[in-house]
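Peer 1: Got a file for you: start06.pdb, PDB, C-alpha atoms.
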```
ATOM      1  CA  THR P 294       0.000   0.000   0.000
ATOM      2  CA  ASP P 295       1.335   3.412  -0.944
ATOM      3  CA  VAL P 296       1.264   5.315   2.351
ATOM      4  CA  GLU P 297       3.080   8.537   3.157
ATOM      5  CA  HIS P 298       5.868   8.258   5.719
ATOM      6  CA  ILE P 299       5.163  11.123   8.136
ATOM      7  CA  GLY P 300       7.243  10.210  11.195
ATOM      8  CA  ALA P 301      10.914  10.478  12.049
ATOM      9  CA  PHE P 302      12.974   8.831  14.762
ATOM     10  CA  SER P 303      16.646   9.164  15.614
ATOM     11  CA  THR P 304      18.896   8.472  18.578
ATOM     12  CA  GLY P 305      22.594   8.587  19.309
ATOM     13  CA  ASN P 306      22.665   4.805  19.176
ATOM     14  CA  GLU P 307      23.105   3.525  15.641
ATOM     15  CA  LEU P 308      21.871   0.040  16.539
ATOM     16  CA  VAL P 309      18.576   1.459  17.842
ATOM     17  CA  ASN P 310      18.251   3.536  14.660
ATOM     18  CA  GLN P 311      18.768   0.439  12.529
ATOM     19  CA  LEU P 312      16.187  -1.503  14.531
ATOM     20  CA  HIS P 313      13.669   1.282  13.985
ATOM     21  CA  GLU P 314      14.368   1.334  10.261
ATOM     22  CA  LEU P 315      13.892  -2.445  10.083
ATOM     23  CA  MET P 316      10.599  -2.083  11.935
ATOM     24  CA  VAL P 317       9.384   0.569   9.491
ATOM     25  CA  ARG P 318      10.353  -1.581   6.489
ATOM     26  CA  THR P 319       8.558  -4.558   8.012
ATOM     27  CA  MET P 320       5.396  -2.517   8.492
ATOM     28  CA  VAL P 321       5.493  -1.326   4.889
ATOM     29  CA  CYS P 322       5.963  -4.899   3.638
ATOM     30  CA  ASN P 323       2.886  -5.965   5.593
ATOM     31  CA  MET P 324       0.555  -3.225   4.355
ATOM     32  CA  GLN P 325      -0.983  -5.144   1.473
ATOM     33  CA  GLY P 326      -4.298  -3.299   1.327
ATOM     34  CA  LYS P 327      -4.773  -4.822   4.768
ATOM     35  CA  PRO P 328      -2.444  -5.448   7.727
ATOM     36  CA  THR P 329      -0.911  -8.866   7.084
ATOM     37  CA  ASP P 330       1.329 -10.666   9.566
ATOM     38  CA  THR P 331       3.967 -11.658   7.027
ATOM     39  CA  PRO P 332       4.630 -10.720   3.396
ATOM     40  CA  ILE P 333       5.166 -14.348   2.365
ATOM     41  CA  PHE P 334       2.375 -16.526   3.791
ATOM     42  CA  GLU P 335      -1.434 -16.491   3.586
ATOM     43  CA  LYS P 336      -1.868 -12.692   3.302
ATOM     44  CA  LEU P 337      -4.862 -12.441   5.633
ATOM     45  CA  GLY P 338      -5.636  -9.070   7.173
ATOM     46  CA  TRP P 339      -5.189  -9.840  10.857
ATOM     47  CA  THR P 340      -6.695  -7.529  13.480
ATOM     48  CA  GLY P 341      -4.325  -8.687  16.202
ATOM     49  CA  ASP P 342      -1.155  -7.670  14.401
ATOM     50  CA  TYR P 343      -2.461  -4.158  13.734
ATOM     51  CA  ASN P 344      -3.903  -3.890  17.248
ATOM     52  CA  GLY P 345      -0.485  -4.372  18.795
ATOM     53  CA  ALA P 346       1.041  -1.536  16.771
ATOM     54  CA  ILE P 347      -1.720   1.077  16.377
ATOM     55  CA  LYS P 348       0.339   3.953  17.740
ATOM     56  CA  THR P 349       3.396   2.876  15.787
ATOM     57  CA  PHE P 350       1.405   2.972  12.557
ATOM     58  CA  ASN P 351      -0.148   6.341  13.407
ATOM     59  CA  TYR P 352       3.153   8.012  14.285
ATOM     60  CA  ASN P 353       5.078   6.700  11.293
ATOM     61  CA  PHE P 354       2.583   6.755   8.428
ATOM     62  CA  ASP P 355      -0.495   8.496   7.134
ATOM     63  CA  VAL P 356      -2.767   5.464   7.424
ATOM     64  CA  SER P 357      -6.056   7.351   7.090
ATOM     65  CA  GLY P 358      -7.009   5.739   3.777
ATOM     66  CA  PHE P 359      -5.426   2.378   4.581
ATOM     67  CA  LEU P 360      -7.177   2.069   7.937
ATOM     68  CA  GLY P 361     -10.500   3.314   6.603
ATOM     69  CA  HIS P 362     -10.455   0.647   3.899
ATOM     70  CA  PHE P 363      -9.585  -2.146   6.340
ATOM     71  CA  LEU P 364     -12.222  -1.086   8.883
ATOM     72  CA  HIS P 365     -14.852  -1.016   6.150
ATOM     73  CA  ASN P 366     -13.978  -4.603   5.190
ATOM     74  CA  LEU P 367     -13.897  -5.654   8.836
ATOM     75  CA  ARG P 368     -17.358  -4.297   9.478
ATOM     76  CA  ASP P 369     -18.684  -5.956   6.327
ATOM     77  CA  THR P 370     -17.494  -9.376   7.498
ATOM     78  CA  ALA P 371     -18.828  -8.928  11.055
ATOM     79  CA  LEU P 372     -22.010 -10.463  12.425
ATOM     80  CA  PRO P 373     -25.153  -8.419  13.237
ATOM     81  CA  SER P 374     -24.699  -9.495  16.879
ATOM     82  CA  GLY P 375     -21.575  -7.371  17.213
ATOM     83  CA  ARG P 376     -19.063 -10.184  16.907
ATOM     84  CA  LEU P 377     -16.081  -9.326  14.724
ATOM     85  CA  ASN P 378     -13.840 -11.544  12.669
ATOM     86  CA  GLU P 379     -10.156 -11.902  13.573
ATOM     87  CA  PHE P 380      -9.246 -11.162   9.964
ATOM     88  CA  SER P 381     -10.736  -9.453   6.944
ATOM     89  CA  PRO P 382     -11.648  -9.575   4.130
ATOM     90  CA  SER P 383     -13.113 -13.042   4.468
ATOM     91  CA  GLY P 384     -15.940 -15.054   3.001
ATOM     92  CA  TYR P 385     -16.780 -16.626   6.361
ATOM     93  CA  ILE P 386     -16.857 -15.802  10.071
ATOM     94  CA  SER P 387     -14.083 -17.348  12.122
ATOM     95  CA  GLN P 388     -15.032 -19.893  14.780
ATOM     96  CA  TYR P 389     -12.675 -18.210  17.219
ATOM     97  CA  ASP P 390     -14.024 -15.323  19.290
ATOM     98  CA  SER P 391     -10.962 -13.463  20.565
ATOM     99  CA  PRO P 392     -11.440  -9.864  21.765
ATOM    100  CA  CYS P 393      -7.735  -9.528  22.456
ATOM    101  CA  TRP P 394      -7.497  -9.295  18.656
ATOM    102  CA  THR P 395     -10.813  -7.845  17.561
ATOM    103  CA  GLN P 396     -10.662  -4.964  20.048
ATOM    104  CA  MET P 397      -8.568  -3.426  17.269
ATOM    105  CA  TYR P 398     -11.829  -2.217  15.707
ATOM    106  CA  VAL P 399     -12.769   0.200  18.500
ATOM    107  CA  ASN P 400      -9.187   0.925  19.553
ATOM    108  CA  SER P 401      -8.004   2.001  16.096
ATOM    109  CA  ILE P 402     -11.062   4.179  15.454
ATOM    110  CA  TYR P 403     -10.530   5.981  18.746
ATOM    111  CA  ALA P 404      -6.795   6.348  18.098
ATOM    112  CA  ALA P 405      -7.396   7.698  14.594
ATOM    113  CA  TRP P 406      -9.576  10.420  16.072
ATOM    114  CA  HIS P 407      -7.610  11.089  19.258
ATOM    115  CA  GLU P 408      -4.153  11.076  17.683
ATOM    116  CA  ASN P 409      -4.789  12.048  14.055
ATOM    117  CA  GLY P 410      -8.011  14.044  14.218
ATOM    118  CA  GLN P 411      -9.792  11.597  11.894
ATOM    119  CA  PHE P 412     -13.287  11.963  13.356
ATOM    120  CA  SER P 413     -14.907  10.699  10.156
ATOM    121  CA  LEU P 414     -14.227   7.095  11.229
ATOM    122  CA  VAL P 415     -16.152   7.646  14.470
ATOM    123  CA  GLU P 416     -19.109   8.936  12.471
ATOM    124  CA  GLU P 417     -18.964   6.131   9.916
ATOM    125  CA  HIS P 418     -18.643   3.304  12.424
ATOM    126  CA  TYR P 419     -20.653   4.727  15.309
ATOM    127  CA  ASP P 420     -23.576   2.295  15.048
ATOM    128  CA  TYR P 421     -21.479  -0.845  14.832
ATOM    129  CA  MET P 422     -19.041   0.343  17.510
ATOM    130  CA  ARG P 423     -21.965   0.534  19.889
ATOM    131  CA  THR P 424     -23.207  -2.894  18.773
ATOM    132  CA  ASN P 425     -19.723  -4.318  19.282
ATOM    133  CA  VAL P 426     -19.399  -2.874  22.787
ATOM    134  CA  GLU P 427     -22.851  -4.200  23.710
ATOM    135  CA  TYR P 428     -21.826  -7.632  22.426
ATOM    136  CA  TYR P 429     -18.689  -7.711  24.562
ATOM    137  CA  ILE P 430     -20.666  -6.704  27.650
ATOM    138  CA  SER P 431     -23.413  -9.288  27.116
ATOM    139  CA  ARG P 432     -20.849 -12.003  26.338
ATOM    140  CA  MET P 433     -18.937 -11.260  29.537
ATOM    141  CA  ASN P 434     -22.099 -11.411  31.636
ATOM    142  CA  GLY P 435     -23.485 -14.557  30.053
ATOM    143  CA  GLY P 436     -21.350 -17.045  31.957
ATOM    144  CA  ALA P 437     -20.882 -18.257  35.505
ATOM    145  CA  GLU P 438     -18.568 -15.393  36.505
ATOM    146  CA  PRO P 439     -19.853 -11.861  35.823
ATOM    147  CA  TRP P 440     -17.474  -9.530  33.995
ATOM    148  CA  ILE P 441     -15.149 -12.386  33.120
ATOM    149  CA  TRP P 442     -14.664 -13.515  29.517
ATOM    150  CA  GLU P 443     -15.059 -17.279  29.439
ATOM    151  CA  SER P 444     -12.873 -18.658  26.653
ATOM    152  CA  THR P 445     -14.549 -21.939  25.849
ATOM    153  CA  GLU P 446     -13.955 -22.192  22.107
ATOM    154  CA  VAL P 447     -12.301 -25.421  21.067
ATOM    155  CA  GLY P 448     -11.329 -25.454  17.420
ATOM    156  CA  PRO P 449      -9.837 -28.178  15.246
ATOM    157  CA  ALA P 450      -6.414 -27.398  16.630
ATOM    158  CA  ASN P 451      -7.386 -28.070  20.271
ATOM    159  CA  GLY P 452      -8.306 -24.794  21.841
ATOM    160  CA  MET P 453      -6.897 -22.358  19.309
ATOM    161  CA  GLY P 454      -9.484 -19.781  20.365
ATOM    162  CA  ASN P 455      -7.788 -19.569  23.748
ATOM    163  CA  ARG P 456      -4.407 -19.223  22.156
ATOM    164  CA  LEU P 457      -4.794 -16.220  19.886
ATOM    165  CA  GLY P 458      -3.757 -13.902  22.697
ATOM    166  CA  ASP P 459      -0.226 -15.241  22.532
ATOM    167  CA  TRP P 460       0.440 -16.817  19.170
ATOM    168  CA  ALA P 461       3.949 -17.829  20.142
ATOM    169  CA  ALA P 462       3.778 -18.569  23.857
ATOM    170  CA  PRO P 463       7.244 -19.483  25.231
ATOM    171  CA  ASN P 464       5.931 -22.735  26.669
ATOM    172  CA  GLY P 465       3.892 -23.656  23.630
ATOM    173  CA  SER P 466       4.193 -24.324  19.962
ATOM    174  CA  ILE P 467       2.441 -23.350  16.758
ATOM    175  CA  TYR P 468       2.198 -26.902  15.446
ATOM    176  CA  PRO P 469       0.624 -28.602  17.277
ATOM    177  CA  VAL P 470      -1.221 -25.617  18.724
ATOM    178  CA  THR P 471      -0.939 -25.191  22.493
ATOM    179  CA  ALA P 472      -2.439 -22.385  24.535
ATOM    180  CA  PRO P 473      -0.431 -20.268  26.988
ATOM    181  CA  PRO P 474      -0.766 -21.553  30.578
ATOM    182  CA  GLU P 475      -3.024 -18.720  31.770
ATOM    183  CA  GLY P 476      -5.695 -19.642  29.224
ATOM    184  CA  GLY P 477      -7.838 -17.231  27.271
ATOM    185  CA  SER P 478      -9.967 -15.770  30.055
ATOM    186  CA  LEU P 479      -7.253 -13.538  31.495
ATOM    187  CA  TYR P 480      -6.089 -11.671  28.409
ATOM    188  CA  ASN P 481      -9.494 -11.635  26.731
ATOM    189  CA  THR P 482     -11.072 -10.100  29.851
ATOM    190  CA  ALA P 483      -8.304  -7.494  29.896
ATOM    191  CA  ALA P 484      -8.933  -6.773  26.214
ATOM    192  CA  VAL P 485     -12.638  -6.168  26.785
ATOM    193  CA  TYR P 486     -11.887  -3.845  29.687
ATOM    194  CA  VAL P 487      -9.681  -1.778  27.377
ATOM    195  CA  VAL P 488     -12.608  -1.476  24.953
ATOM    196  CA  LEU P 489     -14.919  -0.451  27.810
ATOM    197  CA  VAL P 490     -12.469   2.261  28.897
ATOM    198  CA  VAL P 491     -12.509   3.610  25.342
ATOM    199  CA  ALA P 492     -16.310   3.385  25.248
ATOM    200  CA  VAL P 493     -16.687   5.252  28.520
ATOM    201  CA  SER P 494     -14.267   7.880  27.229
ATOM    202  CA  LEU P 495     -16.464   8.335  24.158
ATOM    203  CA  VAL P 496     -19.514   8.619  26.392
ATOM    204  CA  LEU P 497     -17.857  11.282  28.527
ATOM    205  CA  LYS P 498     -16.877  13.192  25.408
ATOM    206  CA  GLY P 499     -20.496  13.126  24.289
ATOM    207  CA  ILE P 500     -19.751  10.975  21.235
ATOM    208  CA  LEU P 501     -21.186   7.590  22.162
ATOM    209  CA  GLU P 502     -24.658   7.574  23.669
ATOM    210  CA  ASN P 503     -25.078   6.146  27.139
ATOM    211  CA  THR P 504     -26.226   2.575  27.279
ATOM    212  CA  ARG P 505     -27.909   0.975  30.262
ATOM    213  CA  TYR P 506     -24.523  -0.410  31.293
ATOM    214  CA  PHE P 507     -22.877   2.981  31.626
ATOM    215  CA  ILE P 508     -25.624   4.797  33.583
TER     216      ILE P 508
END
```
Could you express the structure from this file as structure tokens?

Peer 2:
Amino acid sequence: TDVEHIGAFSTGNELVNQLHELMVRTMVCNMQGKPTDTPIFEKLGWTGDYNGAIKTFNYNFDVSGFLGHFLHNLRDTALPSGRLNEFSPSGYISQYDSPCWTQMYVNSIYAAWHENGQFSLVEEHYDYMRTNVEYYISRMNGGAEPWIWESTEVGPANGMGNRLGDWAAPNGSIYPVTAPPEGGSLYNTAAVYVVLVVAVSLVLKGILENTRYFI
């Protein structure tokens, strides 16, 4: 994707400068009309990879068009319930429900406005942002423990839904897939709380209407 490089970074340490330059080149290689996780494999647009580097993207590149395009695709592949896909574009909804990745939707929209002044994304995605937040809240309160995300998905690779929070856990392996020892509830609950903090911030700023959960 042809994006303008708008950031600059320099230190007195040449090794640190080289590491930053390698990072920037890697990001460019992975902007293929969507944020891929590698320029050589399946080329899916993964939410988790972009979610972990939102500020880095915003401070180094003008991603206004790139992000707008990806968010549009992400919303189009989402379910009416508010559940988002981990990647987009896609012809099907993933069986794995992992907010530690899909929180990228709300997080990146808020960051685009807060850091880059791109309020148009808030306006465009307002309705589904609210639906998404409502989905997270209802999902967290639908199990035995209130306000805890219960990661119960078991995919063909033995619990991959619990594993997306740490794709390369030190104690695990990619093939066969093994989840990190803390399981999915811990980091997925934390991810939803981050989304709720953003949602409350939008409420306080008068952008997102109050819901019965925020009163």

Peer 1: Find, counting only C-alpha atoms, the residue in P:Gly477, P:Gly361, P:Ala371, P:Met316 that gets nearest to Phe412 in chain P.

Peer 2: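 Ranking P:Gly477, P:Gly361, P:Ala371, P:Met316 by distance to Phe412 in chain P, first place goes to P:Gly361.
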
Peer 1: Tell me which residues the PyMOL selection byres ((chain P and resi 348) around 12) grabs here, as a list in words.

Peer 2: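 Written out, the selection comes to Gly300, Tyr343, Asn344, Gly345, Ala346, Ile347, Thr349, Phe350, Asn351, Tyr352, Asn353, Phe354, Asp355, Val356, Met397, Asn400, Ser401, Ile402, Tyr403, Ala404, Ala405, Trp406, His407, Glu408 and Asn409 of chain P.
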
Peer 1: May I have the residues from that selection written out with C-alpha atoms, as a PDB file, keeping the file's coordinate frame?

Peer 2:
```pdb
ATOM      1  CA  GLY P 300       7.243  10.210  11.195  1.00  0.00           C
ATOM      2  CA  TYR P 343      -2.461  -4.158  13.734  1.00  0.00           C
ATOM      3  CA  ASN P 344      -3.903  -3.890  17.248  1.00  0.00           C
ATOM      4  CA  GLY P 345      -0.485  -4.372  18.795  1.00  0.00           C
ATOM      5  CA  ALA P 346       1.041  -1.536  16.771  1.00  0.00           C
ATOM      6  CA  ILE P 347      -1.720   1.077  16.377  1.00  0.00           C
ATOM      7  CA  THR P 349       3.396   2.876  15.787  1.00  0.00           C
ATOM      8  CA  PHE P 350       1.405   2.972  12.557  1.00  0.00           C
ATOM      9  CA  ASN P 351      -0.148   6.341  13.407  1.00  0.00           C
ATOM     10  CA  TYR P 352       3.153   8.012  14.285  1.00  0.00           C
ATOM     11  CA  ASN P 353       5.078   6.700  11.293  1.00  0.00           C
ATOM     12  CA  PHE P 354       2.583   6.755   8.428  1.00  0.00           C
ATOM     13  CA  ASP P 355      -0.495   8.496   7.134  1.00  0.00           C
ATOM     14  CA  VAL P 356      -2.767   5.464   7.424  1.00  0.00           C
ATOM     15  CA  MET P 397      -8.568  -3.426  17.269  1.00  0.00           C
ATOM     16  CA  ASN P 400      -9.187   0.925  19.553  1.00  0.00           C
ATOM     17  CA  SER P 401      -8.004   2.001  16.096  1.00  0.00           C
ATOM     18  CA  ILE P 402     -11.062   4.179  15.454  1.00  0.00           C
ATOM     19  CA  TYR P 403     -10.530   5.981  18.746  1.00  0.00           C
ATOM     20  CA  ALA P 404      -6.795   6.348  18.098  1.00  0.00           C
ATOM     21  CA  ALA P 405      -7.396   7.698  14.594  1.00  0.00           C
ATOM     22  CA  TRP P 406      -9.576  10.420  16.072  1.00  0.00           C
ATOM     23  CA  HIS P 407      -7.610  11.089  19.258  1.00  0.00           C
ATOM     24  CA  GLU P 408      -4.153  11.076  17.683  1.00  0.00           C
ATOM     25  CA  ASN P 409      -4.789  12.048  14.055  1.00  0.00           C
TER      26      ASN P 409
END
```

Peer 1: Quick check on the file I pasted: which residues fall under the PyMOL selection byres ((chain P and resi 430) around 12)? Write them as a ChimeraX atom specification.

Peer 2: /P:374-376,392,423-429,431-436,439-442,482,484-486,488-489,492,504-507

Peer 1: Which residue is closest to Glu297 in chain P? Choose from P:Val493, P:Val317, P:Ile500, P:Val487 and count all atoms listed in the file.

Peer 2: P:Val317

Peer 1: Any idea what the distance is between CA of Leu377 in chain P and CA of Trp339 in chain P?

Peer 2: 11.6 Å

Peer 1: Once the PyMOL selection byres ((chain P and resi 326-329) around 7) has been applied to the shown file, what residues remain in the selection, as a PyMOL selection string?

Peer 2: chain P and resi 294+323-325+330-332+336-339+343+359+363

Peer 1: Please indicate the distance in Å from CA of Leu495 in chain P to CA of Pro382 in chain P, rounded to one decimal place.

Peer 2: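 One can read the CA of Leu495 in chain P to CA of Pro382 in chain P distance as 27.3 Å.
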
Peer 1: Between CA of Thr304 in chain P and CA of Thr319 in chain P, what distance in Å does the model show, to one decimal?

Peer 2: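 Distance between the two atoms: 19.7 Å.
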
Peer 1: For Tyr385 in chain P, which residue out of P:His418, P:Thr370, P:Met320, P:Leu312 is the nearest one, using all atoms listed in the file?

Peer 2: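 Under the stated criterion, the closest residue is P:Thr370.
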
Peer 1: I'd like to know which of P:Ser391, P:Thr340, P:Ser357, P:Ser381 is closest to Gly410 in chain P, using only C-alpha atoms.

Peer 2: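 Of all the options, P:Ser357 lies closest to Gly410 in chain P.
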